[in-house]
Amino acid sequence: MSRSIGVYQKWLDDTVSDIVSKGKTPSLLLHACCAPCSSYCVEYLSEYFDITVFFYNPNIDSLQEYERRVSEEERFLSSFPAKRPVRLVSERYEPKEFYEAAKGLEDEPEGGKRCEKCFRLRLSKAAAYAKENGFDYFTTTLSISPLKNASLLNSIGDELSKEYGVPYLFSEFKKRGGFQRSTELSKEYGLYRQNYCGCVFSKKEVTCDG
């Protein structure tokens, strides 16, 4: 049975084909939320791009959790045989930025308007960094999650691309077995996989459900 591709994955395929035909290796700023989500993305994209993983996630509920995720990202990137060397840029933990963006939306359900604000906050930071440092593209690993709205993520990325003048790499990494591959790589490298996205609100929902 063939695996579903999806429109955003098709657009990514077209971009990759164009890159290969020109014989170039563009630079890509890859926003990452955690090592498990970045695992497949790095495996896949490093064949075509010079990647810098950008860890900026002020939504994470504690400094301890933030540092643990950064540490796992560093460990994975240092041990994974990517096609090309991959750099890591880790921003300071600034939870105030998330709480300011989420103000008034504390009671929104997971996946609602609060998440949209959070996506925009993190992708805006990535777009700004990509512009300041001359990257050819920017994108995020978030679309690998079956729980994340790929259409919303790509729409935000497209808007920010126009605002900052850096092309957004459209994607839906969960397609074509991407999410399954990320779980395989997580097991292979013994990566810490959290059961909530990172914010205190999503953690409460997990606690309530469990």
# chains A, B, ... in the order shown; residues from 1 in each chain; ligands from 1
call {"tool": "select_by_dssp", "arguments": {"residues": "stretch 9-110 of chain A", "states": "helix (DSSP H, G or I)", "output": "JSON, numbers by chain"}}
result
{"A": [9, 10, 11, 12, 13, 14, 15, 16, 17, 18, 19, 20, 21, 22, 35, 36, 37, 38, 39, 40, 41, 42, 43, 44, 45, 63, 64, 65, 66, 67, 68, 69, 70, 71, 72, 73, 74, 75, 76, 77, 78, 79, 95, 96, 97, 98, 99, 100, 101, 102]}
call {"tool": "residues_around", "arguments": {"residues": "stretch 175-187 of chain A", "least_positions_apart": "5", "cutoff": "8 Å", "atoms": "only C-alpha atoms", "output": "mmCIF file with N, CA and C atoms, in the first residue's frame"}}
result
data_model
loop_
_atom_site.group_PDB
_atom_site.id
_atom_site.type_symbol
_atom_site.label_atom_id
_atom_site.label_comp_id
_atom_site.auth_asym_id
_atom_site.auth_seq_id
_atom_site.Cartn_x
_atom_site.Cartn_y
_atom_site.Cartn_z
ATOM 1 N N ARG A 3 2.058 5.040 0.701
ATOM 2 C CA ARG A 3 1.845 5.946 1.821
ATOM 3 C C ARG A 3 1.333 7.281 1.319
ATOM 4 N N SER A 4 0.452 7.897 2.111
ATOM 5 C CA SER A 4 -0.102 9.194 1.744
ATOM 6 C C SER A 4 1.006 10.233 1.672
ATOM 7 N N ILE A 5 0.952 11.105 0.654
ATOM 8 C CA ILE A 5 1.965 12.144 0.496
ATOM 9 C C ILE A 5 1.463 13.463 1.075
ATOM 10 N N GLY A 6 0.344 13.977 0.577
ATOM 11 C CA GLY A 6 -0.152 15.262 1.061
ATOM 12 C C GLY A 6 0.428 16.406 0.253
ATOM 13 N N GLN A 9 3.897 17.946 1.460
ATOM 14 C CA GLN A 9 5.011 17.051 1.161
ATOM 15 C C GLN A 9 5.309 17.058 -0.332
ATOM 16 N N PRO A 36 13.371 13.830 19.354
ATOM 17 C CA PRO A 36 12.593 12.838 18.607
ATOM 18 C C PRO A 36 11.967 13.407 17.331
ATOM 19 N N CYS A 37 11.410 14.607 17.418
ATOM 20 C CA CYS A 37 10.778 15.191 16.231
ATOM 21 C C CYS A 37 11.803 15.596 15.183
ATOM 22 N N SER A 38 12.984 15.997 15.615
ATOM 23 C CA SER A 38 14.002 16.415 14.652
ATOM 24 C C SER A 38 14.717 15.225 14.017
ATOM 25 N N SER A 39 14.632 14.055 14.629
ATOM 26 C CA SER A 39 15.428 12.905 14.172
ATOM 27 C C SER A 39 15.186 12.563 12.705
ATOM 28 N N TYR A 40 13.948 12.303 12.350
ATOM 29 C CA TYR A 40 13.649 11.968 10.947
ATOM 30 C C TYR A 40 13.899 13.157 10.027
ATOM 31 N N CYS A 41 13.559 14.356 10.493
ATOM 32 C CA CYS A 41 13.730 15.553 9.661
ATOM 33 C C CYS A 41 15.200 15.749 9.286
ATOM 34 N N ILE A 144 5.714 17.132 11.957
ATOM 35 C CA ILE A 144 5.876 15.679 12.029
ATOM 36 C C ILE A 144 4.880 15.063 13.018
ATOM 37 N N SER A 145 4.343 15.874 13.907
ATOM 38 C CA SER A 145 3.419 15.359 14.914
ATOM 39 C C SER A 145 2.023 15.145 14.332
ATOM 40 N N PRO A 146 1.428 13.976 14.566
ATOM 41 C CA PRO A 146 0.051 13.739 14.119
ATOM 42 C C PRO A 146 -0.952 14.668 14.804
ATOM 43 N N TYR A 192 14.781 10.645 24.806
ATOM 44 C CA TYR A 192 13.701 10.994 25.732
ATOM 45 C C TYR A 192 12.507 11.507 24.936
ATOM 46 N N ARG A 193 11.379 10.823 25.055
ATOM 47 C CA ARG A 193 10.145 11.230 24.380
ATOM 48 C C ARG A 193 9.133 11.644 25.436
#
call {"tool": "closest_residue", "arguments": {"among": "A:Ile156, A:Ala101, A:Val53, A:Val42", "to": "A:Pro81", "atoms": "only C-alpha atoms"}}
result
A:Val42
call {"tool": "select_by_dssp", "arguments": {"residues": "stretch 7-209 of chain A", "states": "strand (DSSP E)", "output": "PyMOL selection string"}}
result
chain A and resi 27-31+50-55+87-90+137-140
call {"tool": "write_last_selection", "arguments": {"atoms": "N, CA and C atoms", "output": "PDB file, in the first residue's frame"}}
result
ATOM      1  N   SER A  27      21.249  26.474   2.491  1.00  0.00           N
ATOM      2  CA  SER A  27      21.265  26.448   3.958  1.00  0.00           C
ATOM      3  C   SER A  27      19.835  26.475   4.480  1.00  0.00           C
ATOM      4  N   LEU A  28      19.598  25.724   5.537  1.00  0.00           N
ATOM      5  CA  LEU A  28      18.252  25.593   6.117  1.00  0.00           C
ATOM      6  C   LEU A  28      18.309  25.780   7.616  1.00  0.00           C
ATOM      7  N   LEU A  29      17.491  26.686   8.134  1.00  0.00           N
ATOM      8  CA  LEU A  29      17.313  26.818   9.574  1.00  0.00           C
ATOM      9  C   LEU A  29      16.094  25.984   9.951  1.00  0.00           C
ATOM     10  N   LEU A  30      16.337  24.935  10.716  1.00  0.00           N
ATOM     11  CA  LEU A  30      15.285  23.982  11.080  1.00  0.00           C
ATOM     12  C   LEU A  30      14.890  24.178  12.535  1.00  0.00           C
ATOM     13  N   HIS A  31      13.771  24.862  12.771  1.00  0.00           N
ATOM     14  CA  HIS A  31      13.278  24.989  14.140  1.00  0.00           C
ATOM     15  C   HIS A  31      12.891  23.608  14.650  1.00  0.00           C
ATOM     16  N   ASP A  50      22.289  22.157   4.005  1.00  0.00           N
ATOM     17  CA  ASP A  50      23.184  22.380   5.139  1.00  0.00           C
ATOM     18  C   ASP A  50      22.300  22.881   6.277  1.00  0.00           C
ATOM     19  N   ILE A  51      22.154  22.068   7.301  1.00  0.00           N
ATOM     20  CA  ILE A  51      21.151  22.325   8.342  1.00  0.00           C
ATOM     21  C   ILE A  51      21.748  22.926   9.607  1.00  0.00           C
ATOM     22  N   THR A  52      21.060  23.921  10.126  1.00  0.00           N
ATOM     23  CA  THR A  52      21.289  24.404  11.482  1.00  0.00           C
ATOM     24  C   THR A  52      19.985  24.190  12.237  1.00  0.00           C
ATOM     25  N   VAL A  53      20.037  23.392  13.283  1.00  0.00           N
ATOM     26  CA  VAL A  53      18.859  23.162  14.116  1.00  0.00           C
ATOM     27  C   VAL A  53      18.730  24.334  15.094  1.00  0.00           C
ATOM     28  N   PHE A  54      17.538  24.894  15.140  1.00  0.00           N
ATOM     29  CA  PHE A  54      17.271  26.090  15.943  1.00  0.00           C
ATOM     30  C   PHE A  54      16.318  25.720  17.071  1.00  0.00           C
ATOM     31  N   PHE A  55      16.827  25.699  18.298  1.00  0.00           N
ATOM     32  CA  PHE A  55      16.010  25.312  19.449  1.00  0.00           C
ATOM     33  C   PHE A  55      15.536  26.560  20.173  1.00  0.00           C
ATOM     34  N   ARG A  87      24.594  21.797  12.642  1.00  0.00           N
ATOM     35  CA  ARG A  87      24.866  22.670  13.772  1.00  0.00           C
ATOM     36  C   ARG A  87      23.630  22.791  14.649  1.00  0.00           C
ATOM     37  N   LEU A  88      23.847  23.185  15.892  1.00  0.00           N
ATOM     38  CA  LEU A  88      22.737  23.446  16.811  1.00  0.00           C
ATOM     39  C   LEU A  88      22.882  24.843  17.391  1.00  0.00           C
ATOM     40  N   VAL A  89      21.818  25.622  17.301  1.00  0.00           N
ATOM     41  CA  VAL A  89      21.730  26.925  17.962  1.00  0.00           C
ATOM     42  C   VAL A  89      20.620  26.823  18.992  1.00  0.00           C
ATOM     43  N   SER A  90      20.961  27.046  20.248  1.00  0.00           N
ATOM     44  CA  SER A  90      19.975  26.967  21.328  1.00  0.00           C
ATOM     45  C   SER A  90      19.771  28.344  21.933  1.00  0.00           C
ATOM     46  N   TYR A 137      16.558  29.059   3.536  1.00  0.00           N
ATOM     47  CA  TYR A 137      15.210  28.599   3.891  1.00  0.00           C
ATOM     48  C   TYR A 137      15.100  28.498   5.406  1.00  0.00           C
ATOM     49  N   PHE A 138      13.855  28.501   5.892  1.00  0.00           N
ATOM     50  CA  PHE A 138      13.589  28.113   7.275  1.00  0.00           C
ATOM     51  C   PHE A 138      12.339  27.252   7.291  1.00  0.00           C
ATOM     52  N   THR A 139      12.234  26.397   8.298  1.00  0.00           N
ATOM     53  CA  THR A 139      11.046  25.559   8.472  1.00  0.00           C
ATOM     54  C   THR A 139      11.035  25.035   9.903  1.00  0.00           C
ATOM     55  N   THR A 140      10.086  24.158  10.228  1.00  0.00           N
ATOM     56  CA  THR A 140       9.969  23.607  11.574  1.00  0.00           C
ATOM     57  C   THR A 140       9.684  22.116  11.539  1.00  0.00           C
TER      58      THR A 140
END
call {"tool": "residues_around", "arguments": {"residues": "stretch 70-73 of chain A", "least_positions_apart": "6", "cutoff": "7 Å", "atoms": "only C-alpha atoms", "output": "list of chain:residue names"}}
result
A:Cys34, A:Ala35, A:Leu191, A:Tyr192
call {"tool": "residues_around", "arguments": {"residues": "stretch 105-108 of chain A", "least_positions_apart": "2", "cutoff": "12 Å", "atoms": "only C-alpha atoms", "output": "list in words"}}
result
Phe98, Tyr99, Glu100, Ala101, Ala102, Lys103, Glu110, Gly111, Gly112, Lys113, Arg114, Cys115, Glu116, Lys117, Cys118, Cys199, Val200, Phe201, Ser202, Lys204 and Glu205 of chain A
call {"tool": "atom_distance", "arguments": {"atom1": "atom CA of A:Tyr168", "atom2": "atom CA of A:Gly23"}}
result
19.9 Å
call {"tool": "atom_distance", "arguments": {"atom1": "atom CA of A:Glu94", "atom2": "atom CA of A:Ser143"}}
result
23.1 Å
